[in-house]
>>> print(open('model01.cif').read())   # mmCIF, C-alpha atoms
data_my_file
#
loop_
_atom_site.label_atom_id
_atom_site.label_comp_id
_atom_site.auth_asym_id
_atom_site.auth_seq_id
_atom_site.Cartn_x
_atom_site.Cartn_y
_atom_site.Cartn_z
CA MET A 1315 90.56 108.17 57.82
CA THR A 1316 93.66 105.98 57.87
CA PHE A 1317 94.37 103.11 60.23
CA ARG A 1318 97.13 105.16 61.89
CA GLN A 1319 94.72 108.04 62.55
CA ILE A 1320 92.16 105.65 64.01
CA HIS A 1321 94.79 103.92 66.11
CA ASN A 1322 96.14 107.20 67.46
CA ARG A 1323 92.68 108.50 68.33
CA PHE A 1324 91.71 105.20 69.91
CA HIS A 1325 95.00 104.95 71.78
CA TYR A 1326 94.76 108.48 73.15
CA PHE A 1327 91.22 108.24 74.46
CA HIS A 1328 92.53 109.17 77.84
CA ILE A 1329 90.82 106.15 79.30
CA LEU A 1330 92.61 106.75 82.58
CA ASP A 1331 91.33 110.33 82.76
CA THR A 1332 87.80 109.44 81.79
CA PHE A 1333 87.50 106.37 83.99
CA GLY A 1334 89.23 108.03 86.94
CA LEU A 1335 86.98 111.08 86.83
CA TRP A 1336 83.95 108.85 86.38
CA LEU A 1337 84.90 106.89 89.51
CA PHE A 1338 85.37 110.11 91.49
CA SER A 1339 81.94 111.24 90.31
CA LYS A 1340 80.38 108.13 91.93
CA LYS A 1341 81.92 108.45 95.41
CA GLU A 1342 84.88 109.69 97.41
CA LEU A 1343 87.94 107.55 96.74
CA CYS A 1344 91.62 107.30 97.55
CA GLY A 1345 94.35 106.37 95.08
CA TYR A 1346 94.35 102.74 96.18
CA ASP A 1347 90.60 102.55 95.46
CA ILE A 1348 91.23 103.73 91.89
CA ILE A 1349 93.88 101.05 91.38
CA LYS A 1350 91.55 98.34 92.74
CA GLU A 1351 88.62 99.51 90.57
CA PHE A 1352 90.77 99.28 87.43
CA GLU A 1353 91.86 95.81 88.44
CA ILE A 1354 88.33 94.62 89.26
CA ARG A 1355 86.65 96.11 86.20
CA SER A 1356 89.35 94.79 83.85
CA LYS A 1357 88.95 91.35 85.44
CA GLY A 1358 92.57 91.46 86.53
CA THR A 1359 94.06 92.20 83.12
CA TRP A 1360 95.26 95.66 84.12
CA LYS A 1361 96.33 96.91 87.50
CA PRO A 1362 97.82 100.38 87.12
CA SER A 1363 100.80 101.02 89.32
CA PRO A 1364 100.85 103.63 92.08
CA ALA A 1365 103.53 105.38 89.99
CA LEU A 1366 100.84 105.99 87.37
CA ILE A 1367 97.87 106.78 89.59
CA TYR A 1368 99.27 109.08 92.26
CA PRO A 1369 100.93 111.57 89.87
CA LYS A 1370 97.67 111.57 87.88
CA ILE A 1371 95.75 112.46 91.05
CA LEU A 1372 98.13 115.39 91.61
CA ILE A 1373 97.50 116.57 88.04
CA TRP A 1374 93.72 116.33 88.50
CA ILE A 1375 94.02 118.36 91.72
CA SER A 1376 96.20 121.01 90.07
CA GLU A 1377 93.71 121.29 87.20
CA GLY A 1378 90.85 121.67 89.69
CA LEU A 1379 89.12 118.48 88.52
CA ILE A 1380 89.09 116.79 91.94
CA GLU A 1381 89.56 118.01 95.49
CA GLU A 1382 90.60 116.45 98.76
CA THR A 1383 87.66 115.78 101.06
CA ASN A 1384 89.20 114.22 104.16
CA LYS A 1385 91.95 112.09 105.51
CA GLY A 1386 91.22 108.56 106.52
CA THR A 1387 93.19 106.27 108.73
CA ARG A 1388 96.97 106.56 108.57
CA GLY A 1389 96.69 109.82 106.60
CA LYS A 1390 94.99 108.23 103.59
CA LYS A 1391 93.59 111.05 101.42
CA TYR A 1392 90.15 110.86 99.85
CA TYR A 1393 89.01 112.92 96.88
CA LYS A 1394 85.83 113.84 95.06
CA ILE A 1395 85.10 115.35 91.68
CA THR A 1396 84.55 119.11 91.38
CA PRO A 1397 82.05 120.91 89.13
CA LYS A 1398 84.95 121.61 86.74
CA GLY A 1399 85.78 117.90 86.85
CA ASN A 1400 82.19 117.02 85.94
CA ILE A 1401 82.40 119.30 82.91
CA LYS A 1402 85.67 117.66 81.85
CA LEU A 1403 84.18 114.20 82.42
CA ASN A 1404 81.20 115.03 80.19
CA GLU A 1405 83.55 116.33 77.47
CA ASN A 1406 85.70 113.18 77.71
CA MET A 1407 82.65 110.91 77.56
CA GLY A 1408 81.38 112.74 74.46
CA ASN A 1409 84.78 112.41 72.79
CA LEU A 1410 84.99 108.75 73.72
CA LYS A 1411 81.57 108.01 72.23
CA ARG A 1412 82.43 109.90 69.04
CA ASP A 1413 85.75 108.13 68.66
CA LEU A 1414 84.21 104.71 69.25
CA LEU A 1415 81.63 105.40 66.53
CA ASP A 1416 84.41 106.49 64.16
CA TYR A 1417 86.34 103.34 65.02
CA GLU A 1418 83.26 101.20 64.38
CA ASP A 1419 82.73 102.90 60.99
CA PHE A 1420 86.37 102.38 60.09
CA LEU A 1421 86.28 98.68 60.97
CA GLY A 1422 83.09 98.29 58.95
CA GLU A 1423 84.87 99.74 55.91
CA VAL A 1424 88.00 97.63 56.40
CA PHE A 1425 86.08 94.39 56.79
CA GLU A 1426 83.38 95.40 54.31
CA VAL A 1427 80.57 94.96 56.81
CA ASP A 1428 77.17 96.30 55.81
CA LYS A 1429 75.10 97.89 58.51
#
>>> encode(input="model01.cif", output="structure tokens")
Amino acid sequence: MTFRQIHNRFHYFHILDTFGLWLFSKKELCGYDIIKEFEIRSKGTWKPSPALIYPKILIWISEGLIEETNKGTRGKKYYKITPKGNIKLNENMGNLKRDLLDYEDFLGEVFEVDK
């Protein structure tokens, strides 16, 4: 496997999809909650913009991965993961684990690290 192949697979992990669905699997959230969780868990290094998160929420809804549960104050919408979303989350997590192992193997070869 070449460095470019590893980079492309690592880059396209769909971290946003996987992490977003994982968060929705833990509790009902609104878009702002997703943004704050990214910011908190990345220790402030990444705060996705609403222009990234809200369209992604619409995609997840259209794909049947999450569904609206209720409206909070001022019309704030809350969502939860669906059974289809749980299946997709499990697939994404499996792919992520596989790709990380491939990445680890690749780095071991590049830096000649024995296991």
>>> resolve_selection(input="model01.cif", expression="the PyMOL selection byres ((chain A and resi 1325-1341) around 10)", output="MDAnalysis selection string")
chainID A and resid 1319:1324 1342:1345 1347:1349 1351:1352 1362 1366:1367 1370:1371 1374 1379:1381 1392:1397 1399:1400 1402:1407 1409:1411 1413:1414
>>> atom_distance(input="model01.cif", atom1="atom CA of Leu1415 of chain A", atom2="atom CA of Trp1360 of chain A")
24.3 Å
>>> closest_residue(input="model01.cif", among="A:Gly1408, A:Ser1363, A:Glu1423, A:Tyr1346", to="Lys1391 of chain A", atoms="all atoms listed in the file")
A:Tyr1346
>>> axis_aligned_box(input="model01.cif", around="segment 1387-1397 of chain A", padding_each_side="3 Å", output="JSON")
{"center_x": 89.5, "center_y": 113.6, "center_z": 98.9, "size_x": 20.9, "size_y": 20.6, "size_z": 25.6}
>>> atom_distance(input="model01.cif", atom1="atom CA of Asp1419 of chain A", atom2="atom CA of Lys1357 of chain A")
27.7 Å
>>> atom_distance(input="model01.cif", atom1="atom CA of Ile1401 of chain A", atom2="atom CA of Asn1384 of chain A")
22.9 Å
>>> decode(input="model01.cif", residues="segment 1339-1351 of chain A", atoms="N, CA and C atoms", output="tab-separated table (two decimals), in the first residue's frame")
chain	number	residue	atom	x	y	z
A	1339	SER	N	-26.08	8.43	19.17
A	1339	SER	CA	-26.40	7.14	19.78
A	1339	SER	C	-26.36	7.22	21.31
A	1340	LYS	N	-25.70	8.24	21.85
A	1340	LYS	CA	-25.57	8.40	23.31
A	1340	LYS	C	-26.75	9.14	23.92
A	1341	LYS	N	-27.26	10.15	23.19
A	1341	LYS	CA	-28.39	10.93	23.71
A	1341	LYS	C	-28.96	11.81	22.61
A	1342	GLU	N	-30.12	12.38	22.88
A	1342	GLU	CA	-30.72	13.32	21.94
A	1342	GLU	C	-29.91	14.62	21.95
A	1343	LEU	N	-29.63	15.13	20.75
A	1343	LEU	CA	-28.81	16.33	20.62
A	1343	LEU	C	-29.37	17.25	19.56
A	1344	CYS	N	-28.99	18.51	19.65
A	1344	CYS	CA	-29.26	19.47	18.58
A	1344	CYS	C	-27.95	19.75	17.86
A	1345	GLY	N	-28.01	20.48	16.78
A	1345	GLY	CA	-26.80	20.79	16.01
A	1345	GLY	C	-25.75	21.51	16.83
A	1346	TYR	N	-26.17	22.45	17.64
A	1346	TYR	CA	-25.23	23.19	18.48
A	1346	TYR	C	-24.49	22.24	19.42
A	1347	ASP	N	-25.19	21.24	19.96
A	1347	ASP	CA	-24.55	20.27	20.86
A	1347	ASP	C	-23.44	19.51	20.13
A	1348	ILE	N	-23.67	19.18	18.87
A	1348	ILE	CA	-22.65	18.47	18.08
A	1348	ILE	C	-21.40	19.34	17.93
A	1349	ILE	N	-21.62	20.60	17.59
A	1349	ILE	CA	-20.51	21.53	17.44
A	1349	ILE	C	-19.71	21.62	18.75
A	1350	LYS	N	-20.41	21.78	19.86
A	1350	LYS	CA	-19.74	21.91	21.16
A	1350	LYS	C	-18.99	20.63	21.53
A	1351	GLU	N	-19.55	19.46	21.24
A	1351	GLU	CA	-18.87	18.20	21.54
A	1351	GLU	C	-17.57	18.06	20.76
